[in-house]
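Everything below belongs to model-v1.txt, which stores compact mmCIF, C-alpha atoms and all ligand atoms.
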# COMPACT_ATOMS: atom_id res chain seq x y z
CA MET A 298 157.65 -42.03 -20.70
CA ILE A 299 155.80 -40.81 -23.68
CA PHE A 300 155.10 -42.33 -27.00
CA LEU A 301 154.01 -40.09 -29.75
CA TRP A 302 152.09 -40.77 -32.81
CA GLY A 303 150.15 -37.50 -33.01
CA GLY A 304 150.52 -34.44 -35.14
CA LEU A 305 152.54 -32.37 -32.77
CA ARG A 306 155.74 -34.17 -33.50
CA LEU A 307 155.72 -32.42 -36.83
CA TRP A 308 156.24 -29.06 -35.30
CA ARG A 309 159.59 -30.02 -33.86
CA SER A 310 161.78 -28.60 -36.54
CA PRO A 311 165.33 -27.30 -36.34
CA PRO A 312 165.42 -23.97 -34.56
CA GLN A 313 164.54 -21.21 -36.98
CA PRO A 314 165.22 -17.60 -36.23
CA PHE A 315 161.96 -16.36 -37.83
CA PRO A 316 164.02 -13.30 -38.82
CA ASP A 317 161.34 -10.99 -40.19
CA MET A 318 158.69 -11.92 -37.69
CA LYS A 319 157.49 -9.27 -35.25
CA LEU A 320 157.32 -10.48 -31.66
CA HIS A 321 153.69 -10.33 -30.67
CA ARG A 322 153.01 -10.34 -26.97
CA ASN A 323 150.17 -12.85 -27.23
CA LEU A 324 152.49 -15.41 -28.90
CA CYS A 325 155.11 -14.93 -26.17
CA GLU A 326 152.43 -15.29 -23.51
CA ALA A 327 151.36 -18.55 -25.14
CA ILE A 328 154.94 -19.87 -24.87
CA ILE A 329 155.07 -18.85 -21.21
CA ARG A 330 151.80 -20.71 -20.57
CA ALA A 331 153.21 -23.81 -22.27
CA LEU A 332 156.43 -23.68 -20.22
CA GLU A 333 154.47 -23.22 -17.02
CA ALA A 334 152.35 -26.30 -17.80
CA ILE A 335 155.42 -28.38 -18.72
CA PHE A 336 157.75 -27.43 -15.86
CA ASN A 337 155.37 -26.57 -13.01
CA GLN A 338 152.35 -28.73 -13.73
CA LYS A 339 154.64 -31.52 -15.06
CA GLN A 340 152.49 -32.08 -18.16
CA TYR A 341 153.86 -33.65 -21.33
CA ALA A 342 155.11 -31.11 -23.85
CA ASP A 343 153.33 -32.65 -26.83
CA LYS A 344 149.98 -32.70 -25.03
CA VAL A 345 150.45 -29.14 -23.78
CA LEU A 346 151.18 -27.83 -27.26
CA GLU A 347 148.42 -29.81 -28.89
CA LYS A 348 145.90 -28.23 -26.52
CA LEU A 349 147.42 -24.78 -26.73
CA LEU A 350 147.52 -24.67 -30.53
CA LYS A 351 143.93 -25.86 -30.74
CA SER A 352 142.85 -23.11 -28.36
CA ASN A 353 143.33 -20.24 -30.81
CA SER A 354 142.11 -20.64 -34.36
CA LYS A 355 143.37 -17.17 -35.29
CA TRP A 356 147.03 -18.16 -35.14
CA GLY A 357 148.42 -18.79 -38.60
CA ALA A 358 150.89 -21.51 -39.59
CA ARG A 359 153.90 -19.30 -38.82
CA ASP A 360 152.56 -18.32 -35.41
CA ARG A 361 151.96 -21.96 -34.53
CA ALA A 362 155.39 -23.00 -35.72
CA PHE A 363 156.95 -20.14 -33.73
CA ILE A 364 155.13 -21.13 -30.52
CA ALA A 365 155.85 -24.85 -30.88
CA GLU A 366 159.45 -24.56 -32.01
CA SER A 367 160.35 -21.96 -29.39
CA THR A 368 158.76 -24.09 -26.66
CA TYR A 369 160.56 -27.25 -27.74
CA GLU A 370 163.93 -25.54 -28.07
CA ILE A 371 163.54 -23.94 -24.65
CA VAL A 372 162.61 -27.30 -23.12
CA ARG A 373 165.63 -28.91 -24.84
CA TRP A 374 168.05 -26.24 -23.61
CA TRP A 375 166.27 -25.47 -20.31
CA ARG A 376 169.18 -25.88 -17.92
CA LYS A 377 171.63 -23.99 -20.12
CA LEU A 378 169.17 -21.15 -20.73
CA LEU A 379 168.49 -20.84 -16.99
CA PHE A 380 172.23 -20.55 -16.42
CA LEU A 381 172.57 -17.88 -19.11
CA ALA A 382 169.61 -15.99 -17.63
CA ASN A 383 171.29 -16.08 -14.17
CA GLU A 384 168.40 -18.10 -12.81
CA THR A 385 168.48 -21.15 -10.54
CA TYR A 386 167.95 -24.63 -11.95
CA TYR A 387 166.00 -27.03 -9.70
CA GLU A 388 166.85 -30.70 -10.04
CA ASN A 389 164.21 -31.65 -7.46
CA GLY A 390 161.23 -30.58 -9.56
CA SER A 391 160.44 -27.38 -7.62
CA ASN A 392 158.24 -24.84 -9.37
CA TYR A 393 159.61 -21.84 -11.26
CA GLU A 394 158.22 -18.33 -10.99
CA ASN A 395 156.56 -16.81 -14.03
CA ARG A 396 159.34 -14.19 -14.17
CA VAL A 397 161.88 -16.98 -14.77
CA PHE A 398 160.00 -18.30 -17.82
CA TRP A 399 159.98 -14.78 -19.30
CA ARG A 400 163.71 -14.33 -18.77
CA VAL A 401 164.52 -17.71 -20.26
CA LEU A 402 162.34 -16.94 -23.29
CA GLY A 403 164.15 -13.59 -23.63
CA VAL A 404 167.56 -15.29 -23.61
CA HIS A 405 166.40 -17.88 -26.13
CA LEU A 406 165.07 -15.19 -28.50
CA LEU A 407 168.23 -13.10 -28.20
CA LEU A 408 170.31 -16.16 -29.09
CA GLN A 409 168.03 -16.56 -32.12
CA HIS A 410 169.06 -12.97 -33.02
CA LYS A 411 165.65 -11.49 -32.39
CA SER A 412 165.58 -7.95 -31.05
CA LEU A 413 163.49 -7.84 -27.93
CA PRO A 414 160.69 -5.28 -27.49
CA PRO A 415 161.25 -3.04 -24.44
CA TRP A 416 158.94 -5.08 -22.24
CA GLN A 417 159.50 -4.86 -18.53
CA GLU A 418 160.15 -8.64 -18.21
CA TRP A 419 163.16 -8.36 -20.50
CA GLN A 420 165.03 -5.50 -18.93
CA ASN A 421 168.75 -6.08 -18.39
CA LEU A 422 169.11 -8.86 -20.94
CA PHE A 423 171.98 -8.22 -23.34
CA LEU A 424 173.12 -10.56 -26.12
CA LYS A 425 176.85 -9.78 -25.72
CA GLU A 426 176.84 -10.68 -22.02
CA ILE A 427 174.88 -13.86 -22.69
CA GLU A 428 177.21 -14.94 -25.48
CA GLN A 429 180.23 -14.30 -23.28
CA LYS A 430 178.74 -16.36 -20.47
CA ALA A 431 177.89 -19.14 -22.93
CA SER A 432 181.47 -19.31 -24.19
CA ASN A 433 182.74 -19.86 -20.62
CA ILE A 434 180.56 -22.78 -19.57
CA ARG A 435 182.78 -25.49 -18.09
CA GLU A 436 180.22 -27.91 -16.67
CA ARG A 437 179.14 -30.62 -19.11
CA ALA A 438 175.68 -31.03 -17.59
CA ILE A 439 174.99 -27.31 -18.15
CA GLN A 440 176.59 -27.23 -21.58
CA HIS A 441 174.49 -30.18 -22.78
CA SER A 442 171.51 -29.20 -20.65
CA ILE A 443 170.88 -32.36 -18.69
CA PRO A 444 170.24 -33.19 -15.01
CA ASP A 445 173.39 -34.04 -13.01
CA TRP A 446 172.19 -37.51 -11.99
CA LEU A 447 171.46 -38.45 -15.62
CA ASP A 448 174.79 -37.08 -16.80
CA LYS A 449 176.61 -39.20 -14.19
CA LEU A 450 174.57 -42.28 -15.06
CA GLY A 451 175.20 -41.89 -18.80
CA GLU A 452 178.95 -41.68 -18.26
CA GLN A 453 178.89 -44.61 -15.86
CA GLU A 454 177.01 -46.82 -18.31
CA LEU A 455 178.52 -45.80 -21.65
CA GLY A 456 181.93 -44.38 -20.75
CA LYS A 457 182.93 -40.73 -21.08
CA GLY A 458 183.65 -40.51 -24.82
CA ALA A 459 180.58 -42.43 -25.98
CA TRP A 460 178.28 -40.58 -23.58
CA GLU A 461 179.54 -37.19 -24.76
CA ARG A 462 178.97 -38.16 -28.39
CA GLU A 463 175.39 -39.22 -27.58
CA LEU A 464 174.72 -36.08 -25.53
CA GLU A 465 175.69 -33.98 -28.53
CA ALA A 466 173.53 -36.02 -30.92
CA LEU A 467 170.52 -36.16 -28.59
CA ASN A 468 170.29 -32.37 -28.52
CA LYS A 469 169.77 -32.13 -32.27
CA PRO A 470 166.14 -31.77 -33.37
CA ALA A 471 164.78 -34.91 -35.02
CA GLU A 472 163.80 -35.17 -38.66
CA VAL A 473 160.33 -36.25 -39.71
CA VAL A 474 160.44 -39.73 -41.22
CA LEU A 475 157.59 -41.38 -43.13
CA ARG A 476 157.14 -45.10 -43.70
CA ALA A 477 155.39 -46.01 -46.94
CA ASN A 478 152.57 -48.46 -46.31
CA THR A 479 153.68 -51.06 -48.85
CA LEU A 480 150.21 -52.67 -48.76
CA LYS A 481 149.04 -49.63 -50.69
CA ILE A 482 152.05 -48.02 -52.35
CA SER A 483 155.80 -48.37 -52.94
CA VAL A 484 158.20 -45.89 -51.44
CA GLN A 485 159.12 -44.60 -54.92
CA GLU A 486 155.47 -44.05 -55.89
CA LEU A 487 154.83 -42.28 -52.60
CA GLN A 488 157.82 -40.03 -53.17
CA LYS A 489 156.47 -39.18 -56.62
CA LEU A 490 152.97 -38.39 -55.35
CA LEU A 491 154.40 -36.18 -52.61
CA GLN A 492 156.61 -34.43 -55.15
CA GLU A 493 153.55 -33.66 -57.26
CA GLN A 494 152.30 -31.76 -54.21
CA LYS A 495 155.71 -30.00 -54.02
CA ILE A 496 156.61 -31.93 -50.87
CA GLU A 497 160.28 -32.83 -51.17
CA THR A 498 161.55 -35.99 -49.48
CA LYS A 499 164.69 -38.07 -49.57
CA LEU A 500 165.33 -41.80 -49.35
CA THR A 501 167.73 -43.21 -46.76
CA PRO A 502 170.00 -46.25 -47.04
CA HIS A 503 169.02 -47.15 -43.46
CA SER A 504 165.45 -48.17 -44.26
CA PRO A 505 163.92 -49.31 -47.59
CA ASP A 506 160.42 -47.92 -46.94
CA ALA A 507 161.43 -44.62 -45.31
CA LEU A 508 161.18 -41.09 -46.70
CA ILE A 509 162.58 -38.10 -44.87
CA LEU A 510 160.73 -34.81 -45.20
CA ALA A 511 162.93 -31.97 -46.43
CA THR A 512 160.79 -29.32 -44.76
CA ARG A 513 158.30 -29.53 -42.01
CA GLN A 514 154.59 -29.26 -42.58
CA ASN A 515 151.41 -30.60 -41.13
CA ILE A 516 151.64 -33.90 -42.97
CA PHE A 517 148.73 -35.37 -40.99
CA GLN A 518 146.36 -33.15 -42.95
CA ASN A 519 147.67 -34.57 -46.21
CA PRO A 520 145.12 -36.64 -48.20
CA LEU A 521 147.79 -39.33 -48.76
CA PHE A 522 148.05 -39.79 -45.00
CA LYS A 523 144.29 -39.90 -44.61
CA GLU A 524 144.21 -42.61 -47.31
CA GLY A 525 146.71 -44.69 -45.31
CA TYR A 526 149.59 -44.45 -47.78
CA PHE A 527 152.11 -43.72 -45.05
CA GLU A 528 152.70 -43.47 -41.33
CA VAL A 529 155.15 -41.26 -39.45
CA GLN A 530 157.77 -43.56 -37.92
CA ASP A 531 161.43 -43.09 -37.12
CA VAL A 532 164.03 -45.01 -39.13
CA GLY A 533 165.20 -46.93 -36.03
CA SER A 534 161.68 -47.93 -35.15
CA GLN A 535 161.26 -49.30 -38.69
CA GLU A 536 164.43 -51.33 -38.23
CA ILE A 537 162.94 -53.05 -35.15
CA GLY A 538 159.98 -54.30 -37.19
CA ARG A 539 162.29 -55.78 -39.83
CA PHE A 540 164.47 -57.36 -37.15
CA LEU A 541 161.64 -59.79 -36.24
CA ARG A 542 161.72 -61.26 -39.78
CA VAL A 543 157.96 -61.86 -39.91
CA LYS A 544 156.41 -63.76 -42.83
CA ALA A 545 152.92 -63.80 -44.33
CA GLY A 546 150.67 -66.33 -42.64
CA GLU A 547 152.47 -66.36 -39.27
CA ARG A 548 150.95 -65.92 -35.85
CA VAL A 549 152.62 -62.89 -34.30
CA VAL A 550 152.20 -61.35 -30.85
CA ASP A 551 153.12 -57.70 -30.34
CA ALA A 552 152.91 -57.62 -26.55
CA CYS A 553 153.61 -53.93 -25.82
CA ALA A 554 151.93 -52.61 -28.93
CA GLY A 555 150.89 -49.16 -27.68
CA ALA A 556 149.14 -47.30 -30.48
CA GLY A 557 150.67 -49.72 -32.95
CA GLY A 558 153.58 -47.93 -34.63
CA LYS A 559 155.38 -51.24 -35.08
CA THR A 560 152.27 -53.46 -35.31
CA LEU A 561 151.20 -51.72 -38.52
CA HIS A 562 154.65 -52.17 -39.98
CA LEU A 563 154.63 -55.90 -39.09
CA ALA A 564 151.22 -56.28 -40.75
CA SER A 565 152.38 -54.69 -44.00
CA MET A 566 155.51 -56.85 -44.05
CA MET A 567 153.17 -59.86 -43.62
CA HIS A 568 151.15 -58.64 -46.65
CA ASN A 569 148.14 -58.48 -44.32
CA LYS A 570 148.11 -62.30 -44.13
CA GLY A 571 148.21 -64.33 -40.90
CA ARG A 572 147.36 -63.01 -37.44
CA ILE A 573 148.78 -60.36 -35.14
CA ILE A 574 147.67 -60.13 -31.54
CA ALA A 575 148.41 -56.60 -30.35
CA MET A 576 148.47 -56.28 -26.58
CA ASP A 577 148.97 -53.45 -24.12
CA THR A 578 147.95 -52.45 -20.61
CA GLU A 579 146.38 -49.19 -21.87
CA SER A 580 143.06 -49.55 -23.64
CA TRP A 581 143.11 -46.04 -25.18
CA LYS A 582 146.29 -46.92 -27.04
CA LEU A 583 144.73 -50.08 -28.45
CA ALA A 584 141.68 -48.08 -29.53
CA GLU A 585 143.97 -45.73 -31.45
CA LEU A 586 145.74 -48.73 -32.97
CA LYS A 587 142.42 -50.02 -34.34
CA LYS A 588 141.72 -46.69 -36.05
CA ARG A 589 145.17 -46.65 -37.59
CA ALA A 590 144.85 -50.25 -38.80
CA LYS A 591 141.61 -49.37 -40.56
CA ARG A 592 143.21 -46.41 -42.29
CA ASN A 593 146.12 -48.64 -43.35
CA GLY A 594 143.79 -51.26 -44.87
CA ILE A 595 144.90 -53.90 -42.35
CA ASP A 596 142.50 -56.51 -40.97
CA ILE A 597 144.77 -59.16 -39.43
CA ILE A 598 145.24 -57.38 -36.09
CA GLU A 599 143.29 -58.38 -33.02
CA THR A 600 143.77 -56.15 -29.97
CA ARG A 601 143.85 -57.60 -26.47
CA LEU A 602 144.01 -55.59 -23.28
CA ILE A 603 146.35 -57.07 -20.65
CA GLU A 604 144.33 -57.11 -17.44
CA SER A 605 146.26 -59.73 -15.53
CA SER A 606 148.89 -62.39 -16.02
CA LYS A 607 146.07 -64.69 -17.19
CA THR A 608 145.90 -62.81 -20.52
CA ILE A 609 149.51 -63.83 -21.11
CA LYS A 610 149.15 -67.41 -19.84
CA ARG A 611 146.26 -68.08 -22.21
CA LEU A 612 148.63 -67.50 -25.11
CA ALA A 613 151.39 -69.83 -23.88
CA ASN A 614 153.40 -71.51 -26.67
CA SER A 615 151.22 -69.93 -29.37
CA ALA A 616 153.36 -67.40 -31.24
CA ASP A 617 155.70 -67.91 -34.18
CA LYS A 618 157.11 -64.44 -33.55
CA LEU A 619 156.93 -62.17 -30.52
CA LEU A 620 157.77 -58.50 -30.25
CA LEU A 621 158.58 -57.12 -26.79
CA ASP A 622 158.93 -53.39 -27.38
CA VAL A 623 159.14 -52.77 -23.65
CA PRO A 624 158.53 -49.56 -21.68
CA CYS A 625 161.86 -47.80 -21.09
CA SER A 626 163.58 -44.56 -20.11
CA GLY A 627 163.19 -43.18 -23.64
CA LEU A 628 166.74 -41.84 -23.49
CA GLY A 629 167.26 -42.71 -27.16
CA VAL A 630 164.40 -40.46 -28.27
CA LEU A 631 165.21 -37.30 -26.31
CA ARG A 632 165.47 -35.44 -29.61
CA ARG A 633 161.72 -35.92 -30.06
CA ASN A 634 160.77 -35.77 -26.39
CA PRO A 635 163.21 -33.34 -24.78
CA ASP A 636 160.95 -32.89 -21.74
CA ALA A 637 161.53 -36.54 -20.81
CA LYS A 638 164.98 -35.71 -19.43
CA TRP A 639 163.46 -33.34 -16.86
CA LYS A 640 160.73 -35.81 -15.92
CA LEU A 641 162.86 -38.95 -15.61
CA SER A 642 164.10 -39.96 -12.17
CA GLU A 643 166.41 -42.59 -10.70
CA LYS A 644 163.38 -44.17 -9.02
CA PHE A 645 161.54 -44.46 -12.35
CA LEU A 646 164.59 -46.06 -13.96
CA ILE A 647 164.82 -48.69 -11.22
CA GLU A 648 161.12 -49.48 -11.60
CA VAL A 649 161.20 -49.62 -15.39
CA ARG A 650 164.21 -51.98 -15.42
CA GLU A 651 162.30 -54.29 -13.08
CA LYS A 652 159.27 -54.15 -15.38
CA GLN A 653 161.45 -54.92 -18.43
CA SER A 654 162.91 -58.01 -16.83
CA GLN A 655 159.45 -59.21 -15.71
CA ILE A 656 158.01 -58.71 -19.19
CA LEU A 657 160.89 -60.57 -20.80
CA GLN A 658 160.62 -63.44 -18.34
CA GLN A 659 156.82 -63.83 -18.35
CA TYR A 660 155.85 -62.83 -21.88
CA SER A 661 158.51 -64.97 -23.59
CA GLN A 662 156.36 -67.96 -22.55
CA MET A 663 153.95 -66.99 -25.35
CA LEU A 664 156.50 -68.14 -27.92
CA LYS A 665 156.36 -71.56 -29.61
CA LYS A 666 159.40 -73.78 -29.68
CA GLY A 667 161.49 -72.66 -32.65
CA GLY A 668 159.89 -69.20 -32.51
CA PHE A 669 161.75 -65.87 -32.54
CA LEU A 670 161.37 -62.95 -30.20
CA VAL A 671 162.69 -59.41 -30.42
CA TYR A 672 163.37 -57.51 -27.21
CA ALA A 673 163.57 -53.79 -28.04
CA THR A 674 163.88 -50.43 -26.29
CA CYS A 675 164.30 -46.82 -27.29
CA SER A 676 167.08 -46.47 -24.75
CA ILE A 677 170.84 -46.34 -25.18
CA LEU A 678 171.64 -47.56 -21.64
CA PRO A 679 173.16 -51.07 -21.35
CA SER A 680 171.22 -51.60 -18.09
CA GLU A 681 167.97 -51.55 -20.09
CA ASN A 682 169.40 -53.37 -23.09
CA GLU A 683 172.11 -56.02 -23.30
CA ASN A 684 172.22 -56.47 -19.51
CA GLN A 685 168.53 -57.39 -19.49
CA VAL A 686 169.00 -59.84 -22.34
CA ASN A 687 172.10 -61.41 -20.77
CA ASN A 688 170.34 -61.88 -17.43
CA PHE A 689 167.40 -63.48 -19.19
CA LEU A 690 169.65 -65.86 -21.14
CA LEU A 691 171.42 -66.92 -17.95
CA GLN A 692 168.09 -67.94 -16.44
CA ASN A 693 166.50 -69.39 -19.58
CA LYS A 694 168.74 -71.95 -21.20
CA ASN A 695 166.04 -72.78 -23.76
CA PHE A 696 166.65 -69.41 -25.49
CA ARG A 697 169.64 -68.36 -27.54
CA LEU A 698 170.73 -64.99 -28.85
CA LEU A 699 170.87 -64.82 -32.65
CA GLU A 700 171.73 -61.15 -33.14
CA SER A 701 171.61 -57.82 -31.36
CA LYS A 702 171.96 -54.27 -32.57
CA HIS A 703 172.46 -50.85 -31.03
CA LEU A 704 171.34 -47.82 -32.98
CA PHE A 705 173.18 -44.83 -31.56
CA PRO A 706 171.96 -41.36 -32.63
CA SER A 707 175.58 -40.15 -32.87
CA GLU A 708 176.41 -42.87 -35.40
CA TYR A 709 173.45 -42.96 -37.74
CA GLY A 710 171.64 -39.68 -37.14
CA PHE A 711 168.21 -40.98 -36.12
CA ASP A 712 166.65 -41.98 -32.79
CA GLY A 713 168.46 -44.35 -30.43
CA PHE A 714 167.23 -47.94 -30.14
CA PHE A 715 168.36 -51.39 -29.07
CA MET A 716 167.08 -54.71 -30.40
CA ALA A 717 167.97 -58.32 -29.70
CA LEU A 718 166.71 -61.34 -31.64
CA LEU A 719 166.31 -64.51 -29.58
CA GLU A 720 165.24 -68.02 -30.57
CA LYS A 721 163.34 -70.39 -28.32
CA THR A 722 165.16 -73.64 -28.91
CA ASN A 723 163.25 -75.90 -26.56
C1 LIG B 801 157.80 -48.58 -26.02
S1 LIG B 801 156.10 -48.43 -25.81
C2 LIG B 801 155.46 -49.27 -27.18
C3 LIG B 801 155.49 -48.52 -28.47
C4 LIG B 801 154.81 -49.26 -29.59
N1 LIG B 801 155.28 -50.60 -29.74
C5 LIG B 801 154.97 -48.51 -30.90
O1 LIG B 801 155.73 -48.96 -31.75
O2 LIG B 801 154.33 -47.47 -31.06
C6 LIG B 801 155.80 -49.49 -24.52
C7 LIG B 801 154.36 -49.86 -24.31
O3 LIG B 801 154.29 -50.81 -23.26
C8 LIG B 801 153.09 -50.63 -22.58
N2 LIG B 801 153.21 -51.33 -21.30
C9 LIG B 801 153.57 -50.87 -20.08
N3 LIG B 801 153.57 -51.86 -19.18
C10 LIG B 801 153.21 -52.98 -19.84
C11 LIG B 801 153.01 -54.35 -19.46
N4 LIG B 801 153.21 -54.75 -18.22
N5 LIG B 801 152.64 -55.20 -20.41
C12 LIG B 801 152.44 -54.82 -21.69
N6 LIG B 801 152.60 -53.55 -22.09
C13 LIG B 801 152.97 -52.66 -21.19
C14 LIG B 801 152.91 -49.14 -22.53
O4 LIG B 801 151.55 -48.77 -22.36
C15 LIG B 801 153.47 -48.71 -23.88
O5 LIG B 801 152.44 -48.57 -24.83
Write-out of the structure in structure tokens:
Amino acid sequence: MIFLWGGLRLWRSPPQPFPDMKLHRNLCEAIIRALEAIFNQKQYADKVLEKLLKSNSKWGARDRAFIAESTYEIVRWWRKLLFLANETYYENGSNYENRVFWRVLGVHLLLQHKSLPPWQEWQNLFLKEIEQKASNIRERAIQHSIPDWLDKLGEQELGKGAWERELEALNKPAEVVLRANTLKISVQELQKLLQEQKIETKLTPHSPDALILATRQNIFQNPLFKEGYFEVQDVGSQEIGRFLRVKAGERVVDACAGAGGKTLHLASMMHNKGRIIAMDTESWKLAELKKRAKRNGIDIIETRLIESSKTIKRLANSADKLLLDVPCSGLGVLRRNPDAKWKLSEKFLIEVREKQSQILQQYSQMLKKGGFLVYATCSILPSENENQVNNFLLQNKNFRLLESKHLFPSEYGFDGFFMALLEKTN
């Protein structure tokens, strides 16, 4: 699964019709190239777009937004658009012909009320017919554009009503959320400085340091970002950091730190006092984390690459607080990563659940007696969440559950997460 911290996320805005924009063939060809790389070469959408947008410096901001937004919306609605284009959907990962990408793009643009140029690829596509077909879809997996196996699994795990509510919410494009780096600035001051640049934001009751961008722009180019005044981080992800209740001066281990989205938050809540050991199995992510820490004015983080179980054993009984933000299906963040639903498989889910339970079992040994750990995922499936925690508690009587929380996109409007706070009592 993918974890994003890069600039591309900012291009995922609500679908916009770009009403007065002429359809240039080179922009449509760029979208086709992106779709081909995502669906046939199985590349990650964010990486594909990052590379594609860098490849042509002549595209203006509107062109780039058009390419990125169209690609993301097509990826999100892939199965439904194939159905409306009278094309076959392959659940087994087979490749699609170029012609299919063109037809799907044509259907998408018609539904955005664009009039199509008389290009040969778009002959015989008519909005009225497409709309009529769309109004008669009976199958939930097509309507919500999701693979059959995942649709069945979601219903099995969450129940019909809850799964349908999440399906609906997970197909809405995500907002861009900033987290003020309180080591450098308060959320109110940040809002004011952004306003002076005519960048409108709103506060949210769900997170004290969060600001939500009213309109999308390349915020990573903003001088305030370069100065480390804020990071881009979803509201739910911010909640996980707070859930660990870290204090200044503590020794904290963030064992699946990745590029450090949550590590940086922990460090600012600790007022940059104490020690955080940020670990991961991927060295490139830890290298990125170091860069981000520097920008944020944080110097209490030490990165440690996990090369074997020895790295973990060396830290036995050493942490006051431990964050286990484990690898997962990413089902809670499909709004940001819609391509994940086409790349996930039952086999991957079985493997990732096994990994989660191993991490929980082995890494929890790093905690001191009396210490707290947070087990977190960006999944909404009980099999990755409470079931993992319950199994662990059955086998580890020296831990007790203090609190757990589900963040469902349908209920609070942001990404889906799970977090459980455990205490090591003995
Ligand atoms: C959910 S992501 C972490 C996101 C990160 N905490 C953040 O807030 O940006 C899970 C991370 O676990 C890492 N990972 C995978 N297997 C691991 C293992 N066995 N031990 C530690 N980390 C692992 C992945 O490389 C990935 O960065």
task = Collect all residues with atoms no farther than 10 Å from ligand LIG 801 (chain B), counting only C-alpha atoms and all ligand atoms, and output them as a PyMOL selection string.
result = chain A and resi 298-302+530-531+534-535+537-538+551-562+575-583+586+602-606+609+620-627+649+652-653+655-657+659-660+673-676
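Here the question is which of A:Ile573, A:Gly629, A:Ser391, A:Leu480 gets nearest to Gln338 (chain A) using all atoms listed in the file, and that residue is A:Ser391.
Between CA of Leu475 (chain A) and CA of Ala507 (chain A) the separation is 5.5 Å.
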Residue nearest Val473 (chain A) - candidates A:Lys425, A:Arg632, A:Arg373, A:Lys495, atoms counted: all atoms listed in the file = A:Arg632
task = Between CA of Gly594 (chain A) and CA of Ser615 (chain A), measure the distance and give it in Å to one decimal.
result = 25.4 Å
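Take CA of Leu424 (chain A) and CA of Val404 (chain A): the distance between them is 7.7 Å.
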Long-range neighbours of region 488-493 of chain A as an mmCIF file with C-alpha atoms, in the frame of the given file, 12 Å cut-off, all atoms listed in the file, 6 positions minimum in chain:
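See result_18.cif below for the written result:
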data_model
loop_
_atom_site.group_PDB
_atom_site.id
_atom_site.type_symbol
_atom_site.label_atom_id
_atom_site.label_comp_id
_atom_site.auth_asym_id
_atom_site.auth_seq_id
_atom_site.Cartn_x
_atom_site.Cartn_y
_atom_site.Cartn_z
ATOM 1 C CA LEU A 475 157.590 -41.380 -43.130
ATOM 2 C CA ARG A 476 157.140 -45.100 -43.700
ATOM 3 C CA ALA A 477 155.390 -46.010 -46.940
ATOM 4 C CA ILE A 482 152.050 -48.020 -52.350
ATOM 5 C CA LYS A 499 164.690 -38.070 -49.570
ATOM 6 C CA LEU A 500 165.330 -41.800 -49.350
ATOM 7 C CA ASP A 506 160.420 -47.920 -46.940
ATOM 8 C CA ALA A 507 161.430 -44.620 -45.310
ATOM 9 C CA LEU A 508 161.180 -41.090 -46.700
ATOM 10 C CA ILE A 509 162.580 -38.100 -44.870
ATOM 11 C CA LEU A 510 160.730 -34.810 -45.200
ATOM 12 C CA ALA A 511 162.930 -31.970 -46.430
ATOM 13 C CA ILE A 516 151.640 -33.900 -42.970
ATOM 14 C CA ASN A 519 147.670 -34.570 -46.210
ATOM 15 C CA PRO A 520 145.120 -36.640 -48.200
ATOM 16 C CA LEU A 521 147.790 -39.330 -48.760
ATOM 17 C CA PHE A 522 148.050 -39.790 -45.000
ATOM 18 C CA TYR A 526 149.590 -44.450 -47.780
ATOM 19 C CA PHE A 527 152.110 -43.720 -45.050
#
request  = Would you please work out which residue, of A:Glu708, A:Pro505, A:Leu320, A:Val549, is nearest to Arg572 (chain A) when using only C-alpha atoms?
outcome  = A:Val549
key: Cut-off 9 Å around (157.1, -73.6, -28.9) with only C-alpha atoms: residues as a VMD selection string   = chain A and resid 613 to 617 662 to 668 721 to 723
inquiry  = Around (167.8, -65.7, -20.9), as given in the file, which residues come within 12 Å? Count only C-alpha atoms and list them as an MDAnalysis selection string.
reply    = chainID A and resid 654:655 657:659 661:662 670 672 683:698 717:722
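Counting all atoms listed in the file, the residue from A:Glu524, A:Glu536, A:Glu547, A:Glu452 that sits nearest to Asn593 (chain A) is A:Glu524.
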query = If you count all atoms listed in the file, which residues fall within 10 Å of Asp445 (chain A), apart from same-chain ones fewer than 6 positions away, as a PyMOL selection string?
reply = chain A and resi 388+436-439+451
Could you dump the residues just selected with C-alpha atoms as a PDB file, in the coordinates of the input?
ATOM      1  CA  GLU A 388     166.850 -30.700 -10.040  1.00  0.00           C
ATOM      2  CA  GLU A 436     180.220 -27.910 -16.670  1.00  0.00           C
ATOM      3  CA  ARG A 437     179.140 -30.620 -19.110  1.00  0.00           C
ATOM      4  CA  ALA A 438     175.680 -31.030 -17.590  1.00  0.00           C
ATOM      5  CA  ILE A 439     174.990 -27.310 -18.150  1.00  0.00           C
ATOM      6  CA  GLY A 451     175.200 -41.890 -18.800  1.00  0.00           C
TER       7      GLY A 451
END
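Each of A:Ile597, A:Ser367, A:Thr479, A:Asp636 was compared to Ala334 (chain A) using all atoms listed in the file, and A:Asp636 turns out to be the nearest.
With only C-alpha atoms taken into account, the protein and nucleic acid residues at most 9 Å from region 395-398 of chain A (excluding it and anything under 6 positions from it in its own chain) are Ile328, Ile329, Arg330, Leu332, Glu333, Leu379, Ala382, Glu384, Thr385 and Glu418 of chain A.
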